[in-house]
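**Student:** Data: input.cif, mmCIF, C-alpha atoms.
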```cif
data_work
#
loop_
_atom_site.label_atom_id
_atom_site.label_comp_id
_atom_site.auth_asym_id
_atom_site.auth_seq_id
_atom_site.Cartn_x
_atom_site.Cartn_y
_atom_site.Cartn_z
CA MET A 300 67.49 -12.62 142.73
CA THR A 301 65.26 -11.34 139.94
CA ALA A 302 62.41 -13.25 138.34
CA GLN A 303 64.42 -13.62 135.12
CA ALA A 304 67.39 -15.20 136.85
CA THR A 305 65.22 -17.69 138.73
CA ALA A 306 63.35 -18.62 135.57
CA GLU A 307 66.44 -19.88 133.78
CA PRO A 308 66.74 -23.29 135.50
CA ALA A 309 63.00 -23.85 135.16
CA ARG A 310 63.17 -23.33 131.38
CA GLY A 311 66.13 -25.67 131.17
CA GLU A 312 64.30 -28.40 133.09
CA GLY A 313 61.14 -27.94 131.05
CA SER A 314 63.03 -28.23 127.78
CA HIS A 315 64.61 -31.54 128.73
CA GLY A 316 61.52 -33.09 130.35
CA ALA A 317 61.68 -35.66 133.11
CA GLY A 318 64.88 -37.09 131.79
CA GLY A 319 66.58 -33.71 131.48
CA VAL A 320 69.92 -32.98 133.10
CA GLY A 321 70.02 -30.51 135.96
CA ALA A 322 72.28 -27.52 136.34
CA GLY A 323 74.79 -29.54 138.35
CA SER A 324 75.61 -31.89 135.47
CA SER A 325 74.64 -30.03 132.33
CA GLY A 326 77.84 -28.00 132.17
CA THR A 327 76.01 -24.69 132.58
CA ASP A 328 75.45 -22.44 135.54
CA THR A 329 72.17 -20.69 136.35
CA THR A 330 72.87 -17.95 133.82
CA GLY A 331 73.01 -20.47 130.98
CA LYS A 332 76.75 -19.96 130.32
CA SER A 333 79.07 -22.95 129.89
CA ARG A 334 81.56 -23.69 132.66
CA PRO A 335 85.20 -24.26 131.74
CA GLY A 336 86.01 -27.80 130.68
CA THR A 337 82.39 -28.77 129.89
CA LYS A 338 80.23 -28.98 126.80
CA SER A 339 76.83 -27.47 126.30
CA PRO A 340 73.92 -29.91 125.97
CA GLY A 341 73.28 -31.20 122.49
CA THR A 342 76.72 -30.24 121.14
CA ASN A 343 79.77 -32.31 120.41
CA GLY A 344 82.30 -29.54 120.48
CA PRO A 345 82.97 -26.18 118.84
CA THR A 346 80.50 -25.18 116.12
CA THR A 347 82.14 -25.15 112.72
CA ARG A 348 80.81 -24.44 109.26
CA SER A 349 80.64 -27.37 106.90
CA PRO A 350 82.75 -27.29 103.72
CA GLY A 351 79.56 -26.99 101.68
CA THR A 352 78.47 -23.90 103.62
CA ARG A 353 81.87 -22.27 103.23
CA ALA A 354 81.93 -23.08 99.51
CA GLY A 355 78.43 -21.70 99.01
CA ARG A 356 79.27 -18.52 100.86
CA GLY A 357 82.44 -18.10 98.83
CA ALA A 358 80.59 -18.68 95.56
CA ALA A 359 77.92 -16.11 96.46
CA ALA A 360 80.58 -13.57 97.42
CA TRP A 361 82.48 -14.16 94.18
CA LEU A 362 79.35 -13.85 92.05
CA GLN A 363 78.32 -10.61 93.71
CA ALA A 364 81.82 -9.16 93.41
CA TYR A 365 82.86 -10.36 89.96
CA GLY A 366 79.85 -11.99 88.34
CA VAL A 367 78.88 -8.93 86.34
CA TYR A 368 82.36 -8.64 84.83
CA ALA A 369 82.38 -12.33 83.92
CA ALA A 370 78.97 -11.94 82.29
CA VAL A 371 80.14 -8.92 80.24
CA ALA A 372 83.23 -10.84 79.12
CA ALA A 373 81.10 -13.86 78.18
CA LEU A 374 78.73 -11.73 76.11
CA LEU A 375 81.61 -10.02 74.34
CA LEU A 376 83.16 -13.39 73.52
CA PHE A 377 79.83 -14.79 72.30
CA ASN A 378 79.22 -11.82 70.02
CA ALA A 379 82.77 -11.84 68.72
CA VAL A 380 82.24 -15.43 67.55
CA PHE A 381 78.59 -15.58 66.54
CA THR A 382 77.49 -12.00 65.70
CA ASP A 383 78.39 -10.52 62.33
CA HIS A 384 80.08 -7.12 62.28
CA PHE A 385 80.21 -6.95 66.08
CA LEU A 386 83.92 -6.21 66.37
CA THR A 387 83.69 -2.93 64.49
CA THR A 388 84.35 0.62 65.61
CA ASP A 389 80.91 1.79 64.54
CA ASN A 390 79.18 -0.92 66.57
CA PHE A 391 81.16 -0.21 69.75
CA ARG A 392 80.55 3.49 69.28
CA THR A 393 76.82 2.92 68.95
CA GLN A 394 76.63 0.69 72.01
CA LEU A 395 78.56 3.16 74.17
CA ILE A 396 76.46 6.12 73.04
CA GLN A 397 73.25 4.26 73.83
CA VAL A 398 74.40 3.17 77.27
CA ALA A 399 75.90 6.52 78.37
CA PRO A 400 72.64 8.12 79.64
CA ILE A 401 71.81 4.93 81.55
CA VAL A 402 75.24 4.98 83.19
CA ILE A 403 74.80 8.61 84.24
CA VAL A 404 71.39 7.97 85.80
CA ALA A 405 72.58 4.72 87.39
CA LEU A 406 75.46 6.52 89.13
CA GLY A 407 72.98 8.72 90.97
CA MET A 408 70.74 5.73 91.65
CA ALA A 409 73.71 3.86 93.17
CA LEU A 410 74.17 6.65 95.70
CA VAL A 411 70.49 6.55 96.62
CA ILE A 412 70.38 2.75 96.90
CA GLY A 413 73.55 2.95 98.99
CA THR A 414 71.45 4.77 101.61
CA GLU A 415 68.83 1.97 101.47
CA GLY A 416 66.57 4.12 99.32
CA VAL A 417 65.33 4.26 95.75
CA ASP A 418 64.41 7.05 93.34
CA LEU A 419 61.55 6.34 90.94
CA SER A 420 61.45 9.90 89.61
CA VAL A 421 64.65 9.90 87.52
CA GLY A 422 62.74 9.40 84.27
CA SER A 423 60.48 12.34 85.08
CA ALA A 424 63.52 14.47 85.93
CA MET A 425 64.90 13.68 82.47
CA ALA A 426 61.57 14.67 80.90
CA LEU A 427 61.47 17.95 82.84
CA ALA A 428 64.97 18.87 81.70
CA ALA A 429 64.05 18.06 78.10
CA ALA A 430 60.91 20.16 78.28
CA LEU A 431 62.73 23.20 79.69
CA LEU A 432 65.58 23.21 77.17
CA PRO A 433 63.65 24.61 74.16
CA LEU A 434 62.02 27.24 76.35
CA TYR A 435 65.34 28.80 77.37
CA LEU A 436 67.63 28.15 74.42
CA GLY A 437 66.74 31.62 73.17
CA TYR A 438 68.75 33.03 76.07
CA GLY A 439 71.81 30.97 75.12
CA LEU A 440 73.10 27.47 75.71
CA ILE A 441 74.52 28.07 79.19
CA PRO A 442 71.32 29.54 80.71
CA ALA A 443 69.26 26.75 79.15
CA LEU A 444 71.58 24.09 80.56
CA LEU A 445 71.55 25.70 84.00
CA VAL A 446 67.75 25.83 84.08
CA ALA A 447 67.51 22.20 82.97
CA LEU A 448 69.99 21.05 85.62
CA LEU A 449 68.27 23.19 88.24
CA SER A 450 65.02 21.37 87.54
CA GLY A 451 66.75 18.10 88.43
CA VAL A 452 68.16 19.67 91.59
CA LEU A 453 64.66 20.78 92.63
CA VAL A 454 63.24 17.33 91.99
CA GLY A 455 65.98 15.82 94.13
CA ALA A 456 65.48 18.40 96.86
CA VAL A 457 61.77 17.61 97.07
CA ASN A 458 62.45 13.88 97.18
CA GLY A 459 65.20 14.28 99.77
CA THR A 460 63.05 16.47 101.99
CA LEU A 461 60.15 14.03 101.87
CA VAL A 462 62.46 11.16 102.80
CA SER A 463 64.74 12.78 105.39
CA VAL A 464 62.51 15.39 107.01
CA VAL A 465 58.94 14.20 106.52
CA GLY A 466 59.98 10.59 106.98
CA LEU A 467 58.21 9.02 104.02
CA GLN A 468 59.46 5.77 102.57
CA PRO A 469 61.65 6.50 99.51
CA ILE A 470 59.45 4.51 97.14
CA VAL A 471 56.40 6.52 98.23
CA ALA A 472 58.15 9.89 98.26
CA THR A 473 59.63 9.51 94.78
CA LEU A 474 56.46 7.95 93.32
CA ALA A 475 54.75 11.34 93.62
CA LEU A 476 57.19 13.00 91.23
CA PHE A 477 57.37 9.87 89.11
CA VAL A 478 53.78 10.65 88.12
CA GLY A 479 53.56 14.41 88.65
CA GLY A 480 56.95 15.31 87.19
CA ARG A 481 56.20 13.93 83.74
CA GLY A 482 52.78 15.55 83.79
CA LEU A 483 54.40 18.90 84.55
CA ALA A 484 56.89 18.35 81.73
CA LEU A 485 54.06 17.69 79.27
CA VAL A 486 52.31 20.86 80.37
CA MET A 487 55.48 22.90 79.80
CA ALA A 488 55.94 21.39 76.34
CA ASP A 489 52.24 21.71 75.46
CA GLY A 490 52.29 17.97 74.92
CA GLN A 491 54.29 18.38 71.71
CA LEU A 492 57.63 17.20 70.40
CA LYS A 493 59.92 20.16 69.69
CA GLN A 494 62.87 20.03 67.34
CA ILE A 495 66.26 21.23 68.57
CA VAL A 496 68.25 23.31 66.09
CA ASN A 497 70.83 24.88 68.39
CA PRO A 498 74.19 23.66 66.98
CA ASP A 499 76.03 23.99 70.29
CA LEU A 500 73.51 21.78 72.08
CA LEU A 501 73.42 19.26 69.25
CA ALA A 502 77.22 19.01 69.45
CA LEU A 503 76.86 17.55 72.94
CA GLY A 504 74.95 14.63 71.50
CA THR A 505 76.80 14.10 68.25
CA GLY A 506 80.26 15.58 68.82
CA SER A 507 83.42 13.74 69.78
CA PHE A 508 86.85 14.42 71.24
CA LEU A 509 89.83 12.45 69.96
CA GLY A 510 87.39 10.07 68.33
CA VAL A 511 85.45 9.38 71.53
CA PRO A 512 81.81 10.60 71.66
CA LEU A 513 81.28 13.45 74.09
CA VAL A 514 78.41 11.69 75.84
CA VAL A 515 80.70 8.73 76.53
CA LEU A 516 83.46 11.00 77.83
CA ILE A 517 81.00 12.77 80.12
CA ALA A 518 79.70 9.46 81.47
CA GLY A 519 83.26 8.24 82.07
CA VAL A 520 84.31 11.41 83.89
CA LEU A 521 81.19 11.28 86.05
CA ALA A 522 81.87 7.64 86.94
CA LEU A 523 85.36 8.57 88.10
CA ALA A 524 83.99 11.53 90.05
CA VAL A 525 81.35 9.46 91.82
CA ALA A 526 83.92 6.77 92.62
CA PHE A 527 86.17 9.44 94.14
CA VAL A 528 83.29 10.85 96.19
CA VAL A 529 82.31 7.43 97.51
CA HIS A 530 85.80 6.21 98.40
CA ARG A 531 87.79 9.33 99.17
CA THR A 532 85.49 11.92 100.73
CA THR A 533 83.76 12.33 104.08
CA PHE A 534 80.42 12.68 102.31
CA GLY A 535 80.87 9.30 100.63
CA ARG A 536 81.73 7.58 103.89
CA GLN A 537 78.70 9.18 105.52
CA VAL A 538 76.47 7.91 102.72
CA VAL A 539 77.70 4.34 103.22
CA ALA A 540 77.43 4.60 107.01
CA ILE A 541 73.85 5.87 106.84
CA GLY A 542 72.91 3.09 104.46
CA GLY A 543 74.46 0.51 106.75
CA ASN A 544 72.66 1.65 109.90
CA ARG A 545 70.78 4.94 109.86
CA ALA A 546 69.94 4.91 113.57
CA ALA A 547 73.54 4.27 114.56
CA ALA A 548 74.73 6.98 112.17
CA ALA A 549 72.37 9.48 113.80
CA LEU A 550 73.54 8.47 117.28
CA ALA A 551 77.14 8.94 116.12
CA GLY A 552 76.34 12.54 115.23
CA LEU A 553 76.33 12.23 111.44
CA PRO A 554 74.16 14.79 109.59
CA VAL A 555 71.70 12.15 108.36
CA LYS A 556 69.04 14.50 107.01
CA ARG A 557 71.52 16.70 105.18
CA VAL A 558 73.34 13.75 103.63
CA LEU A 559 70.12 12.07 102.50
CA THR A 560 68.87 15.28 100.93
CA GLY A 561 72.21 15.79 99.21
CA VAL A 562 72.14 12.26 97.78
CA TYR A 563 68.71 12.76 96.22
CA ILE A 564 69.78 16.15 94.86
CA LEU A 565 72.78 14.54 93.18
CA CYS A 566 70.57 11.82 91.75
CA GLY A 567 68.13 14.39 90.35
CA ALA A 568 70.92 16.52 88.87
CA LEU A 569 72.50 13.51 87.15
CA ALA A 570 69.12 12.47 85.77
CA ALA A 571 68.56 15.98 84.39
CA LEU A 572 72.00 15.92 82.76
CA ALA A 573 71.17 12.57 81.17
CA GLY A 574 67.96 14.13 79.86
CA VAL A 575 69.91 16.99 78.30
CA LEU A 576 72.37 14.63 76.60
CA ALA A 577 69.59 12.33 75.38
CA THR A 578 67.71 15.32 73.94
CA ALA A 579 70.84 16.54 72.18
CA ARG A 580 71.43 13.08 70.71
CA LEU A 581 67.83 12.73 69.52
CA THR A 582 67.80 16.35 68.18
CA ALA A 583 64.33 16.78 69.67
CA SER A 584 62.63 17.40 73.01
CA ASP A 585 60.02 14.72 73.65
CA PRO A 586 58.91 14.72 77.31
CA SER A 587 56.18 12.17 76.61
CA SER A 588 58.67 9.35 75.97
CA LEU A 589 62.12 10.51 77.06
CA GLY A 590 63.23 8.68 80.19
CA THR A 591 60.37 6.19 80.13
CA LEU A 592 61.33 3.16 82.28
CA MET A 593 64.74 4.73 82.90
CA GLU A 594 64.30 4.18 86.62
CA LEU A 595 64.05 0.43 86.03
CA SER A 596 67.13 0.40 83.79
CA ALA A 597 69.11 2.32 86.40
CA ILE A 598 68.01 0.11 89.28
CA THR A 599 68.86 -2.96 87.23
CA ALA A 600 72.35 -1.68 86.49
CA VAL A 601 72.97 -0.92 90.16
CA VAL A 602 71.66 -4.22 91.51
CA VAL A 603 73.32 -6.38 88.85
CA GLY A 604 76.54 -4.45 89.51
CA GLY A 605 76.63 -5.73 93.08
CA THR A 606 75.23 -2.85 95.14
CA PRO A 607 72.81 -4.40 97.67
CA LEU A 608 69.28 -3.01 97.95
CA SER A 609 69.76 -3.09 101.72
CA GLY A 610 72.29 -0.25 101.49
CA GLY A 611 75.63 0.15 103.21
CA SER A 612 77.72 -0.48 100.10
CA ILE A 613 78.16 1.23 96.72
CA ARG A 614 79.90 -0.41 93.77
CA VAL A 615 80.51 2.30 91.17
CA LEU A 616 82.51 0.23 88.69
CA GLY A 617 80.03 -2.60 89.10
CA THR A 618 77.20 -0.19 88.28
CA VAL A 619 78.90 0.82 85.03
CA ALA A 620 79.48 -2.84 84.19
CA GLY A 621 75.85 -3.63 85.01
CA ALA A 622 74.64 -0.99 82.57
CA LEU A 623 76.98 -2.35 79.90
CA LEU A 624 75.73 -5.88 80.55
CA MET A 625 72.09 -4.90 80.07
CA GLN A 626 72.92 -2.97 76.88
CA LEU A 627 74.96 -5.84 75.44
CA LEU A 628 72.27 -8.35 76.31
CA ARG A 629 69.58 -6.36 74.55
CA ALA A 630 71.79 -5.70 71.53
CA THR A 631 72.75 -9.38 71.31
CA LEU A 632 69.16 -10.58 71.31
CA VAL A 633 68.08 -7.95 68.78
CA LYS A 634 70.96 -8.78 66.43
CA HIS A 635 69.90 -12.43 66.53
CA ASP A 636 66.32 -11.52 65.53
CA LEU A 637 64.76 -12.14 68.92
CA PRO A 638 61.93 -9.82 70.02
CA ASP A 639 62.53 -7.07 72.54
CA SER A 640 60.19 -8.83 74.96
CA THR A 641 62.74 -11.64 75.18
CA ALA A 642 65.37 -9.14 76.28
CA GLN A 643 63.04 -7.86 78.98
CA ILE A 644 62.42 -11.38 80.27
CA ALA A 645 66.17 -12.05 80.31
CA GLN A 646 66.78 -8.84 82.22
CA ALA A 647 64.15 -9.82 84.78
CA ALA A 648 65.84 -13.18 85.26
CA ILE A 649 69.22 -11.50 85.77
CA ILE A 650 67.74 -9.13 88.36
CA ILE A 651 66.20 -12.02 90.31
CA ALA A 652 69.49 -13.91 90.21
CA ALA A 653 71.46 -10.86 91.41
CA VAL A 654 69.09 -10.20 94.31
CA TYR A 655 69.13 -13.88 95.27
CA VAL A 656 72.94 -14.00 95.29
CA ALA A 657 73.09 -10.88 97.45
CA ARG A 658 70.56 -12.34 99.89
CA GLU A 659 72.40 -15.64 100.12
CA ARG A 660 75.67 -13.86 100.85
CA ARG A 661 74.09 -11.83 103.67
CA SER A 662 72.33 -14.85 105.18
CA ARG A 663 75.58 -16.82 105.36
#
```
Just dump the structure as structure tokens.

**Tutor:**
Amino acid sequence: MTAQATAEPARGEGSHGAGGVGAGSSGTDTTGKSRPGTKSPGTNGPTTRSPGTRAGRGAAAWLQAYGVYAAVAALLLFNAVFTDHFLTTDNFRTQLIQVAPIVIVALGMALVIGTEGVDLSVGSAMALAAALLPLYLGYGLIPALLVALLSGVLVGAVNGTLVSVVGLQPIVATLALFVGGRGLALVMADGQLKQIVNPDLLALGTGSFLGVPLVVLIAGVLALAVAFVVHRTTFGRQVVAIGGNRAAAALAGLPVKRVLTGVYILCGALAALAGVLATARLTASDPSSLGTLMELSAITAVVVGGTPLSGGSIRVLGTVAGALLMQLLRATLVKHDLPDSTAQIAQAAIIIAAVYVARERRSR
């Protein structure tokens, strides 16, 4: 008999003191397991969850799954009743155009957070793409777009390599390009704002198809594409599996390093595309301000949309709804003459609530 096996009765006696019940009457054998027909000490029968616990768990699950949609519906209803000129085509068009770049960046961020990571460099990737566009537009629109998107791919590749190969924490790995990427963009642009006069590029930001702005169409198509990747492809399943348990995924033979690198590359490419579209909409390349705090907006949209920071799950539709919620909240407060700082405080409160709900659901 090993030392561990012989220690079990001693621990049981010590825990009950002099009046404790021995192994012969406690209903347990020397391994601590209950014998048939007996009850374990200190219990009155099978352990069941109280109605309050079940109700709390159900409420947390419902809030995480559908809370963002209920909040969007509530804001729409509030504005329809109390905000002048809200239910107009021009207003909806404006709101959708403003939120489209955030949606695009948030889609990439959702993939990264689904692997239990985070990418702080998305704003710098947008700035890099904006800085490169004027430098290569002389060669034509397609080469300029390819160079801009390639810059996002390179940013993602560096981040992915630092995370998957070097083994740095994602927040540390992406913080390097969060700072250095924007600095590089400013060097490329000579620290100056440059006007964009290429009509083909400007059409991406101001054009429309069947009355729908092109930037909104692009964001919608990308949302559908990311949803398809997550739910219908092997790559998407691998992303979710790695986020759920990276060690187990590696033991199961999944290409963890390759998948992680690919996720960060996709995130960087989507951020660069958002930078291109934002530059086209603004008709100017401004690396000093373009994409500033975009990483926070994207993370907010993802978390509020129900994707847990712990990874293992990706809610694409929820991410889109989260971006819409933040945009509507800010627009609502501005239209009612409240300062922008109030919108930021409200967003912070929503983030805290979303993280708390997710934590409560996991703990129960």

**Student:** Write out as a PyMOL selection string each polymer residue whose atoms come within 12 Å of Ser507 of chain A, counting all atoms listed in the file; drop sequence neighbours fewer than 5 positions from it.

**Tutor:** chain A and resi 392+396+501-502+512-517

**Student:** Just the number, please: distance in Å from atom CA of Gly451 of chain A to atom CA of Leu485 of chain A, one decimal.

**Tutor:**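 Result for atom CA of Gly451 of chain A versus atom CA of Leu485 of chain A: 15.7 Å, one decimal.
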
**Student:** Expand the PyMOL selection byres ((chain A and resi 437-443) around 10) into the individual residues it matches in the shown file, reporting them as a PyMOL selection string.

**Tutor:** chain A and resi 428+431-436+444-449+497-500+575

**Student:** One decimal, in Å: what's the spacing between atom CA of Gly621 of chain A and atom CA of Ala570 of chain A?

**Tutor:**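 Between atom CA of Gly621 of chain A and atom CA of Ala570 of chain A the gap is 17.5 Å.
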
**Student:** What's the separation between atom CA of Glu415 of chain A and atom CA of Gly519 of chain A, in Å to one decimal place?

**Tutor:** 25.0 Å

**Student:** Could you name the residues that touch segment 601-603 of chain A at 6 Å or less, counting only C-alpha atoms, but leaving out those on the same chain fewer than 5 positions away, as a list in words?

**Tutor:**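 Skipping anything fewer than 5 positions along the chain leaves Ala409, Thr618, Gly621 and Ala653 of chain A.
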
**Student:** Give as a PyMOL selection string the set of residues within 8 Å of the point (57.9, 7.4, 92.3), where distances use the file's coordinates and all atoms listed in the file.

**Tutor:** chain A and resi 418-420+470-478

**Student:** Once the PyMOL selection byres ((chain A and resi 413) around 8) has been evaluated on this model, what residues remain selected, and can you format them as a VMD selection string?

**Tutor:** chain A and resid 409 to 412 414 to 416 538 to 539 542 606 to 613

**Student:** Point out the residue among A:Ala571, A:Leu461, A:Leu509, A:Leu492 with the least atom-to-atom distance to Ile403 of chain A, counting only C-alpha atoms.

**Tutor:**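 Under the stated criterion, the closest residue is A:Ala571.
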
**Student:** Looking at only C-alpha atoms, which of A:Thr382, A:Gln491, A:Gln468, A:Asn390 is the one that sits closest to Ser588 of chain A?

**Tutor:** A:Gln491

**Student:** Taking all atoms listed in the file into account, name the residue in A:Cys566, A:Leu427, A:Val633, A:Ala620 that is nearest to Ala370 of chain A.

**Tutor:** A:Ala620

**Student:** Show me, as an NGL selection string, the residues that have an atom within 12 Å of Arg629 of chain A when counting all atoms listed in the file, minus same-chain residues fewer than 2 positions from it.

**Tutor:** :A and (374 or 378 or 394 or 397-398 or 596 or 622-627 or 631-646)

**Student:** Run the PyMOL selection byres ((chain A and resi 366) around 12) against the file shown and list the residues it catches, as a ChimeraX atom specification.

**Tutor:** /A:358-365,367-373,602-605,617,620-621,624,649,652-653,656-657

**Student:** Given the choices A:Ala522, A:Ala426, A:Leu375, A:Leu559, which gets closest to Val462 of chain A if the distance is worked out from only C-alpha atoms?

**Tutor:**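 Result for the nearest residue to Val462 of chain A: A:Leu559.
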
**Student:** Ranking A:Val562, A:Leu483, A:Val555, A:Ala600 by minimum distance to Val529 of chain A and counting only C-alpha atoms, which one comes first?

**Tutor:**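 Between A:Val562, A:Leu483, A:Val555, A:Ala600, the residue approaching Val529 of chain A most closely is A:Val562.
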
**Student:** With all atoms listed in the file as the basis for distance, which of A:Gly479, A:Gly535, A:Gly552, A:Gly561 is at the shortest distance from Val615 of chain A?

**Tutor:**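 Closest candidate: A:Gly535.
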
**Student:** Write out as a CSV table (one decimal) with C-alpha atoms, keeping the file's coordinate frame which residues come within 6 Å of Gly567 of chain A when counting all atoms listed in the file, dropping same-chain ones fewer than 5 positions away.

**Tutor:**
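The resulting selection-v7.csv:
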```csv
chain,number,residue,atom,x,y,z
A,451,GLY,CA,66.8,18.1,88.4
A,452,VAL,CA,68.2,19.7,91.6
A,454,VAL,CA,63.2,17.3,92.0
A,455,GLY,CA,66.0,15.8,94.1
```
